[in-house]
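All remarks here apply to the structure that follows.
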2 protein chains.
Amino acid sequence: MPVVDVSILRQLSERALQVAGVPGEHARTQVDLLLEAELRGVPSHGLLRLERIVRRIENGVSDPHATGSHTWRGPAFLSVDGNRGLGPVVADRALEVLAGAATRNGVAVAAVSNSNHLGMLAWYTERLAGQGFTTIALSTSEALVHPWGARRAMIGTNPISIGVPTGGAPFVMDTATSVVSMGEIHDHAQRGASIPDHWALDAKGNPTTDAQAAKDGAIAPFGEAKGYALGLAFELLVSSLVGAAIGTEVRGTLDDTEVCNKGDLFILIKGPHRDLQAYLQEIRDMPPAQGFGEVLIPGERGRACRVERLKDGVPLPDALWDKLQVLAGTAAAA
Amino acid sequence: MPVVDVSILRQLSERALQVAGVPGEHARTQVDLLLEAELRGVPSHGLLRLERIVRRIENGVSDPHATGSHTWRGPAFLSVDGNRGLGPVVADRALEVLAGAATRNGVAVAAVSNSNHLGMLAWYTERLAGQGFTTIALSTSEALVHPWGARRAMIGTNPISIGVPTGGAPFVMDTATSVVSMGEIHDHAQRGASIPDHWALDAKGNPTTDAQAAKDGAIAPFGEAKGYALGLAFELLVSSLVGAAIGTEVRGTLDDTEVCNKGDLFILIKGPHRDLQAYLQEIRDMPPAQGFGEVLIPGERGRACRVERLKDGVPLPDALWDKLQVLAGTAAAA
């Protein structure tokens, strides 16, 4: 597996997007998001996504020039029509003005429709926490998760990220409401590995340890009935406030040909802070339970990985490294 | 176990609070909250709490007259000092003005400190959803939950409730971020029943099936590392915005003698809605998985229980029924 310097990855990826017609500034934003996922060890949200982004532009379901149209429904509620723009480009433009509204009002909400894949939510919430905003970010997705006690997928993997200023490095958690990502199931299938029996159902709605069978089935919500309740709440909340598609109607985050009709929601709060470092340190210093080497704070393993990969480079599967060079036009197409 | 008409329970409970010096209107609010929990089959948040409320008033750590002091930190950010008032009395007064701010601005936040136990969060979010608000309610508690991979409690049970208008009966989910409530562990201990081995650790931080041992230990977060990340995020978010105590500093929701220093946070959003009934019905109509009788929507089992108990009465343990009459002064103290 090649290990590539992040500056080379950045250059090639931006070049790949520019070849596809993405303006330079938009390419930088999109690539920065993907690279942050690679740096933090979340390859499912990394350069793997680049080809889909290019194909969606070629197919006209993504407009790389669009930055979104803004409608204020109140001094602190911004509705955004993404005009089929790139997820992070539309979101960044919205968050720029939303930060002003949250500062003036104490809180502000952006509800984003008609925009492409938002990517790793921590990319947004960490930056905003660094600027003094407590942020809740939600995004919906294609229905991949089954309601607790049901046999078919009906709910998105609906991630949540929460960023909180702490007086030091921001606290950032970011998790899907599925027990595992579909990417991880595909990875197991590709390697011929079996999966734990509580991860997924097969196409008939029965528990399976066969990753291949799980690909046509449904992923379990995390935390059984409680995680189901949360994932469903996010689906309803986002769909309702954004005016986005819901359940099995959602398209465009896993394919190259359909307009993306999921929704994104950001809640920015500019309130008082306190120093949370001592409390977080108390948790880090706790003696670990049997079977654990240390007690982790969410997001910090990724941050440590980032430091390492900035120094040593990012490991990429051969196929992805080859694809990247083809997309950037620095190698002949296969 | 006596089964008592809800109107009798209401009368006796309000009388008990009035005997303790609670003004009539405040007694009605506090009792309505407790009774709704009984009606929905959540006795841990029901009349069981009444004696503690009375003792806390007697001990001067709860002021039944207080309604809270309001400070607007922006047009949409309300800081509330509860002045040791009853949880639902302080929250109701805050939500009344917050609803106006959310309507004017699109969203508004209330951060409540120095107020007593908030009770079942669904009581608030369901009502607000009925008024057209999408609501996220959070509250912190004494540290009862261990960080994932740690041996001791360091995080509250930190419940979340989300209410969403649907075009029909509101969608309401309400869950603690612990895998189970401390009330349920106490209930198992009292009955001499064992608990599943993933619910709790003993005082030494080892997994236990002994409910008695778990009482002195720590409850697991729901959903392992993901639920830990959420519960911790809520602890940090609420403590930071409210200026409330954090971790093992939190007092006053499980004792009769300490000023309550946890925090409550409400985010009210007045945005566009869509009819979500068809989607929810599609979920209800799904064929259940093996081992399940039906696919449930969060909150609806409680709502069905409510209909039944309004008609047939509320079952109460003998000891609680006796205590209620003593507190109301309609029976001699034991």
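Starting from 1 in every chain, residues are counted up; chains themselves are A, B, ... following the order of the structure tokens, and ligands are numbered from 1 as listed.
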
- Residue contacts of Leu128 of chain B (9 Å, only C-alpha atoms) excluding same-chain residues fewer than 5 positions away, as a VMD selection string: chain B and resid 95 99 123 133 to 135 163 to 165 268

Provide as an mmCIF file with N, CA, C and O atoms, in the first residue's frame the residues of chain B at most 6 Å from chain A, counting only C-alpha atoms.
data_model
loop_
_atom_site.group_PDB
_atom_site.id
_atom_site.type_symbol
_atom_site.label_atom_id
_atom_site.label_comp_id
_atom_site.auth_asym_id
_atom_site.auth_seq_id
_atom_site.Cartn_x
_atom_site.Cartn_y
_atom_site.Cartn_z
ATOM 1 N N GLY B 74 -28.807 37.560 24.155
ATOM 2 C CA GLY B 74 -28.999 37.913 22.753
ATOM 3 C C GLY B 74 -30.497 37.755 22.512
ATOM 4 O O GLY B 74 -31.196 37.219 23.371
ATOM 5 N N PRO B 75 -30.996 38.189 21.349
ATOM 6 C CA PRO B 75 -32.439 38.082 21.089
ATOM 7 C C PRO B 75 -32.954 36.643 21.164
ATOM 8 O O PRO B 75 -34.145 36.426 21.357
ATOM 9 N N ALA B 76 -32.058 35.651 21.029
ATOM 10 C CA ALA B 76 -32.509 34.259 20.974
ATOM 11 C C ALA B 76 -31.769 33.368 21.967
ATOM 12 O O ALA B 76 -31.790 32.144 21.836
ATOM 13 N N PHE B 77 -31.102 33.955 22.947
ATOM 14 C CA PHE B 77 -30.400 33.152 23.961
ATOM 15 C C PHE B 77 -30.795 33.644 25.347
ATOM 16 O O PHE B 77 -30.426 34.747 25.763
ATOM 17 N N ASN B 105 -37.511 34.726 15.836
ATOM 18 C CA ASN B 105 -36.167 34.565 15.260
ATOM 19 C C ASN B 105 -35.988 33.307 14.414
ATOM 20 O O ASN B 105 -35.028 33.202 13.667
ATOM 21 N N GLY B 106 -36.893 32.323 14.595
ATOM 22 C CA GLY B 106 -36.738 31.048 13.890
ATOM 23 C C GLY B 106 -36.181 29.976 14.806
ATOM 24 O O GLY B 106 -36.435 28.795 14.615
ATOM 25 N N GLY B 149 -14.860 2.100 28.485
ATOM 26 C CA GLY B 149 -13.502 1.663 28.754
ATOM 27 C C GLY B 149 -12.968 2.087 30.109
ATOM 28 O O GLY B 149 -11.828 1.778 30.441
ATOM 29 N N ALA B 150 -13.784 2.773 30.926
ATOM 30 C CA ALA B 150 -13.341 3.211 32.256
ATOM 31 C C ALA B 150 -14.074 2.413 33.346
ATOM 32 O O ALA B 150 -15.026 1.684 33.066
ATOM 33 N N ARG B 151 -13.625 2.590 34.598
ATOM 34 C CA ARG B 151 -14.138 1.775 35.699
ATOM 35 C C ARG B 151 -15.095 2.510 36.630
ATOM 36 O O ARG B 151 -15.743 1.882 37.466
ATOM 37 N N PHE B 222 -25.340 3.678 26.883
ATOM 38 C CA PHE B 222 -26.029 2.871 25.856
ATOM 39 C C PHE B 222 -25.173 2.895 24.587
ATOM 40 O O PHE B 222 -24.417 3.844 24.350
ATOM 41 N N GLY B 223 -25.226 1.822 23.825
ATOM 42 C CA GLY B 223 -24.550 1.809 22.526
ATOM 43 C C GLY B 223 -23.039 1.942 22.596
ATOM 44 O O GLY B 223 -22.425 2.506 21.685
ATOM 45 N N ALA B 229 -19.890 8.763 23.598
ATOM 46 C CA ALA B 229 -19.561 10.020 22.923
ATOM 47 C C ALA B 229 -20.732 11.004 23.005
ATOM 48 O O ALA B 229 -20.544 12.195 23.254
ATOM 49 N N SER B 240 -21.307 23.764 29.741
ATOM 50 C CA SER B 240 -20.664 24.943 29.192
ATOM 51 C C SER B 240 -21.665 26.084 28.984
ATOM 52 O O SER B 240 -21.452 27.207 29.441
ATOM 53 N N LEU B 241 -22.776 25.822 28.337
ATOM 54 C CA LEU B 241 -23.721 26.890 28.002
ATOM 55 C C LEU B 241 -24.518 27.356 29.211
ATOM 56 O O LEU B 241 -24.961 28.502 29.280
ATOM 57 N N GLY B 271 -39.646 26.362 12.412
ATOM 58 C CA GLY B 271 -39.302 26.343 10.994
ATOM 59 C C GLY B 271 -40.458 25.796 10.191
ATOM 60 O O GLY B 271 -41.564 25.644 10.701
ATOM 61 N N PRO B 272 -40.186 25.485 8.941
ATOM 62 C CA PRO B 272 -41.224 24.867 8.113
ATOM 63 C C PRO B 272 -41.486 23.436 8.588
ATOM 64 O O PRO B 272 -40.644 22.824 9.234
ATOM 65 N N HIS B 273 -42.655 22.925 8.310
ATOM 66 C CA HIS B 273 -42.979 21.528 8.611
ATOM 67 C C HIS B 273 -43.364 20.808 7.343
ATOM 68 O O HIS B 273 -43.650 21.426 6.329
ATOM 69 N N ARG B 274 -43.398 19.484 7.426
ATOM 70 C CA ARG B 274 -44.077 18.731 6.389
ATOM 71 C C ARG B 274 -44.867 17.631 7.071
ATOM 72 O O ARG B 274 -44.639 17.318 8.239
ATOM 73 N N PRO B 288 -42.654 -7.272 11.294
ATOM 74 C CA PRO B 288 -41.656 -7.310 12.370
ATOM 75 C C PRO B 288 -40.608 -8.395 12.153
ATOM 76 O O PRO B 288 -40.868 -9.405 11.512
ATOM 77 N N ALA B 289 -39.410 -8.141 12.691
ATOM 78 C CA ALA B 289 -38.331 -9.130 12.638
ATOM 79 C C ALA B 289 -38.643 -10.270 13.606
ATOM 80 O O ALA B 289 -39.528 -10.170 14.454
ATOM 81 N N PHE B 292 -40.013 -10.152 17.370
ATOM 82 C CA PHE B 292 -40.737 -8.907 17.637
ATOM 83 C C PHE B 292 -42.196 -9.068 17.208
ATOM 84 O O PHE B 292 -42.484 -9.674 16.176
ATOM 85 N N VAL B 295 -43.507 -3.320 14.911
ATOM 86 C CA VAL B 295 -42.475 -2.285 14.819
ATOM 87 C C VAL B 295 -43.048 -1.025 15.477
ATOM 88 O O VAL B 295 -44.094 -0.521 15.070
ATOM 89 N N PRO B 298 -41.116 5.367 18.598
ATOM 90 C CA PRO B 298 -40.796 5.826 19.958
ATOM 91 C C PRO B 298 -41.911 6.713 20.519
ATOM 92 O O PRO B 298 -42.455 7.551 19.804
#

- If you count only C-alpha atoms, the residue of A:Ala143, A:Ile185, A:Ala94, A:Leu34 closest to Glu235 of chain A turns out to be A:Ala143

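Near Leu316 of chain A, within 8 Å and counting only C-alpha atoms, sit Met1, Pro2, Val3, Val4, Leu320 and Trp321 of chain A; same-chain residues fewer than 3 positions away were not included.
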
Can I get the selected residues back with C-alpha atoms, as an mmCIF file, in the first residue's frame?
data_model
loop_
_atom_site.group_PDB
_atom_site.id
_atom_site.type_symbol
_atom_site.label_atom_id
_atom_site.label_comp_id
_atom_site.auth_asym_id
_atom_site.auth_seq_id
_atom_site.Cartn_x
_atom_site.Cartn_y
_atom_site.Cartn_z
ATOM 1 C CA MET A 1 0.000 0.000 0.000
ATOM 2 C CA PRO A 2 1.609 3.318 -1.053
ATOM 3 C CA VAL A 3 2.041 5.957 1.653
ATOM 4 C CA VAL A 4 1.748 9.369 0.054
ATOM 5 C CA LEU A 320 -7.291 4.253 -5.089
ATOM 6 C CA TRP A 321 -3.795 5.622 -5.696
#

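Between atom CA of Pro170 of chain A and atom CA of Arg303 of chain A the interatomic distance comes to 10.9 Å.
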
- Task: Enter the distance from atom CA of Asp187 of chain A to atom CA of Leu33 of chain A, in Å, rounded to one decimal.
- Result: 21.7 Å

- Tell me, as a list of chain:residue names, which residues lie within 8 Å of Val112 of chain B, counting only C-alpha atoms; anything in the same chain fewer than 3 positions away does not count. B:Ser79, B:Val80, B:Asp81, B:Gly82, B:Ala91, B:Ser115, B:Val242, B:Gly263, B:Asp264, B:Leu265

- Task: Taking the chain letters and numbering used in this document, name the residues of segment 229-298 of chain A that DSSP puts in helix (DSSP H, G or I), as a VMD selection string.
- Result: chain A and resid 229 to 242 247 to 249 277 to 284

- Message: Going by DSSP on the backbone, which residues of segment 126-158 of chain A come out as strand (DSSP E)? List them as an NGL selection string.
- Response: :A and (134-139)

Produce a file of the selected residues containing all heavy atoms, as a PDB file, in the first residue's frame.
ATOM      1  N   THR A 134     -20.651  26.549  19.884  1.00  0.00           N
ATOM      2  CA  THR A 134     -21.114  25.202  20.170  1.00  0.00           C
ATOM      3  C   THR A 134     -22.016  24.814  19.012  1.00  0.00           C
ATOM      4  O   THR A 134     -22.949  25.549  18.686  1.00  0.00           O
ATOM      5  CB  THR A 134     -21.887  25.173  21.493  1.00  0.00           C
ATOM      6  OG1 THR A 134     -20.985  25.543  22.539  1.00  0.00           O
ATOM      7  CG2 THR A 134     -22.459  23.800  21.772  1.00  0.00           C
ATOM      8  N   THR A 135     -21.720  23.695  18.366  1.00  0.00           N
ATOM      9  CA  THR A 135     -22.422  23.362  17.128  1.00  0.00           C
ATOM     10  C   THR A 135     -22.994  21.950  17.174  1.00  0.00           C
ATOM     11  O   THR A 135     -22.335  21.024  17.659  1.00  0.00           O
ATOM     12  CB  THR A 135     -21.453  23.451  15.923  1.00  0.00           C
ATOM     13  OG1 THR A 135     -20.849  24.737  15.920  1.00  0.00           O
ATOM     14  CG2 THR A 135     -22.181  23.234  14.610  1.00  0.00           C
ATOM     15  N   ILE A 136     -24.203  21.805  16.664  1.00  0.00           N
ATOM     16  CA  ILE A 136     -24.786  20.483  16.403  1.00  0.00           C
ATOM     17  C   ILE A 136     -25.001  20.405  14.897  1.00  0.00           C
ATOM     18  O   ILE A 136     -25.671  21.272  14.325  1.00  0.00           O
ATOM     19  CB  ILE A 136     -26.123  20.287  17.142  1.00  0.00           C
ATOM     20  CG1 ILE A 136     -25.943  20.473  18.654  1.00  0.00           C
ATOM     21  CG2 ILE A 136     -26.725  18.911  16.825  1.00  0.00           C
ATOM     22  CD1 ILE A 136     -27.249  20.426  19.444  1.00  0.00           C
ATOM     23  N   ALA A 137     -24.392  19.402  14.259  1.00  0.00           N
ATOM     24  CA  ALA A 137     -24.551  19.213  12.818  1.00  0.00           C
ATOM     25  C   ALA A 137     -25.208  17.865  12.560  1.00  0.00           C
ATOM     26  O   ALA A 137     -24.828  16.856  13.166  1.00  0.00           O
ATOM     27  CB  ALA A 137     -23.197  19.276  12.118  1.00  0.00           C
ATOM     28  N   LEU A 138     -26.207  17.864  11.689  1.00  0.00           N
ATOM     29  CA  LEU A 138     -26.920  16.638  11.327  1.00  0.00           C
ATOM     30  C   LEU A 138     -27.012  16.550   9.815  1.00  0.00           C
ATOM     31  O   LEU A 138     -27.109  17.575   9.138  1.00  0.00           O
ATOM     32  CB  LEU A 138     -28.354  16.654  11.888  1.00  0.00           C
ATOM     33  CG  LEU A 138     -28.544  16.790  13.391  1.00  0.00           C
ATOM     34  CD1 LEU A 138     -30.017  17.040  13.711  1.00  0.00           C
ATOM     35  CD2 LEU A 138     -28.056  15.538  14.107  1.00  0.00           C
ATOM     36  N   SER A 139     -27.007  15.328   9.291  1.00  0.00           N
ATOM     37  CA  SER A 139     -27.216  15.144   7.861  1.00  0.00           C
ATOM     38  C   SER A 139     -27.945  13.818   7.674  1.00  0.00           C
ATOM     39  O   SER A 139     -27.711  12.877   8.425  1.00  0.00           O
ATOM     40  CB  SER A 139     -25.871  15.131   7.140  1.00  0.00           C
ATOM     41  OG  SER A 139     -26.064  15.047   5.744  1.00  0.00           O
TER      42      SER A 139
END

- Query: So which residues touch Gly21 of chain B within 10 Å, counting only C-alpha atoms, skipping near sequence neighbours fewer than 2 positions away, as a ChimeraX atom specification?
  - Reply: /B:15-19,23-24,27,54,57-58,63-65

Output for the residues just chosen: N, CA, C and O atoms as a PDB file, in the first residue's frame:
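Done, and the output landed in part.pdb:
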ATOM      1  N   ARG B  15     -52.287  18.252  47.049  1.00  0.00           N
ATOM      2  CA  ARG B  15     -52.475  18.531  48.480  1.00  0.00           C
ATOM      3  C   ARG B  15     -51.135  18.345  49.214  1.00  0.00           C
ATOM      4  O   ARG B  15     -50.770  19.181  50.043  1.00  0.00           O
ATOM      5  N   ALA B  16     -50.411  17.272  48.894  1.00  0.00           N
ATOM      6  CA  ALA B  16     -49.129  17.006  49.551  1.00  0.00           C
ATOM      7  C   ALA B  16     -48.154  18.160  49.333  1.00  0.00           C
ATOM      8  O   ALA B  16     -47.446  18.580  50.259  1.00  0.00           O
ATOM      9  N   LEU B  17     -48.135  18.690  48.131  1.00  0.00           N
ATOM     10  CA  LEU B  17     -47.219  19.794  47.839  1.00  0.00           C
ATOM     11  C   LEU B  17     -47.687  21.078  48.525  1.00  0.00           C
ATOM     12  O   LEU B  17     -46.873  21.864  49.029  1.00  0.00           O
ATOM     13  N   GLN B  18     -48.990  21.293  48.554  1.00  0.00           N
ATOM     14  CA  GLN B  18     -49.502  22.503  49.206  1.00  0.00           C
ATOM     15  C   GLN B  18     -49.210  22.473  50.700  1.00  0.00           C
ATOM     16  O   GLN B  18     -48.844  23.491  51.293  1.00  0.00           O
ATOM     17  N   VAL B  19     -49.337  21.294  51.310  1.00  0.00           N
ATOM     18  CA  VAL B  19     -48.981  21.126  52.722  1.00  0.00           C
ATOM     19  C   VAL B  19     -47.524  21.534  52.948  1.00  0.00           C
ATOM     20  O   VAL B  19     -47.163  22.125  53.975  1.00  0.00           O
ATOM     21  N   PRO B  23     -47.176  26.908  46.239  1.00  0.00           N
ATOM     22  CA  PRO B  23     -48.364  27.609  45.745  1.00  0.00           C
ATOM     23  C   PRO B  23     -49.179  26.712  44.811  1.00  0.00           C
ATOM     24  O   PRO B  23     -48.606  25.874  44.103  1.00  0.00           O
ATOM     25  N   GLY B  24     -50.506  26.904  44.800  1.00  0.00           N
ATOM     26  CA  GLY B  24     -51.405  26.022  44.064  1.00  0.00           C
ATOM     27  C   GLY B  24     -51.029  25.825  42.607  1.00  0.00           C
ATOM     28  O   GLY B  24     -50.988  24.696  42.097  1.00  0.00           O
ATOM     29  N   ALA B  27     -47.918  23.739  42.296  1.00  0.00           N
ATOM     30  CA  ALA B  27     -48.218  22.341  42.643  1.00  0.00           C
ATOM     31  C   ALA B  27     -48.866  21.642  41.453  1.00  0.00           C
ATOM     32  O   ALA B  27     -48.544  20.491  41.130  1.00  0.00           O
ATOM     33  N   VAL B  54     -40.737  17.117  48.435  1.00  0.00           N
ATOM     34  CA  VAL B  54     -41.192  17.676  49.720  1.00  0.00           C
ATOM     35  C   VAL B  54     -40.008  17.860  50.672  1.00  0.00           C
ATOM     36  O   VAL B  54     -39.838  18.923  51.286  1.00  0.00           O
ATOM     37  N   ILE B  57     -37.798  20.780  49.816  1.00  0.00           N
ATOM     38  CA  ILE B  57     -38.400  22.057  50.226  1.00  0.00           C
ATOM     39  C   ILE B  57     -38.180  22.259  51.732  1.00  0.00           C
ATOM     40  O   ILE B  57     -37.726  23.325  52.176  1.00  0.00           O
ATOM     41  N   GLU B  58     -38.469  21.225  52.518  1.00  0.00           N
ATOM     42  CA  GLU B  58     -38.272  21.302  53.981  1.00  0.00           C
ATOM     43  C   GLU B  58     -36.824  21.652  54.324  1.00  0.00           C
ATOM     44  O   GLU B  58     -36.564  22.379  55.281  1.00  0.00           O
ATOM     45  N   ASP B  63     -36.922  26.011  46.479  1.00  0.00           N
ATOM     46  CA  ASP B  63     -37.824  27.112  46.831  1.00  0.00           C
ATOM     47  C   ASP B  63     -39.075  27.009  45.966  1.00  0.00           C
ATOM     48  O   ASP B  63     -39.031  27.310  44.771  1.00  0.00           O
ATOM     49  N   PRO B  64     -40.191  26.609  46.546  1.00  0.00           N
ATOM     50  CA  PRO B  64     -41.398  26.344  45.738  1.00  0.00           C
ATOM     51  C   PRO B  64     -42.038  27.598  45.167  1.00  0.00           C
ATOM     52  O   PRO B  64     -42.912  27.489  44.313  1.00  0.00           O
ATOM     53  N   HIS B  65     -41.602  28.775  45.621  1.00  0.00           N
ATOM     54  CA  HIS B  65     -42.169  30.014  45.094  1.00  0.00           C
ATOM     55  C   HIS B  65     -41.406  30.530  43.871  1.00  0.00           C
ATOM     56  O   HIS B  65     -41.949  31.303  43.088  1.00  0.00           O
TER      57      HIS B  65
END

- Message: List as a PyMOL selection string the protein and nucleic acid residues near Gly87 of chain B, meaning an atom at most 6 Å away when only C-alpha atoms are counted, but skip any in the same chain fewer than 2 places from it.
- Response: chain B and resi 89-90+115-118

- By how many Å are atom CA of Glu308 of chain B and atom CA of Asp32 of chain B apart? 17.2 Å

Non-local contacts of Ala193 of chain B (8 Å; only C-alpha atoms; under 5 positions in same chain excluded) as a PDB file with C-alpha atoms, in the first residue's frame:
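Final output, saved to around24.pdb:
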ATOM      1  CA  HIS B 188     -33.801  -5.328  40.346  1.00  0.00           C
ATOM      2  CA  ASP B 210     -25.456  -8.443  40.969  1.00  0.00           C
ATOM      3  CA  ALA B 211     -27.885  -5.520  41.060  1.00  0.00           C
TER       4      ALA B 211
END
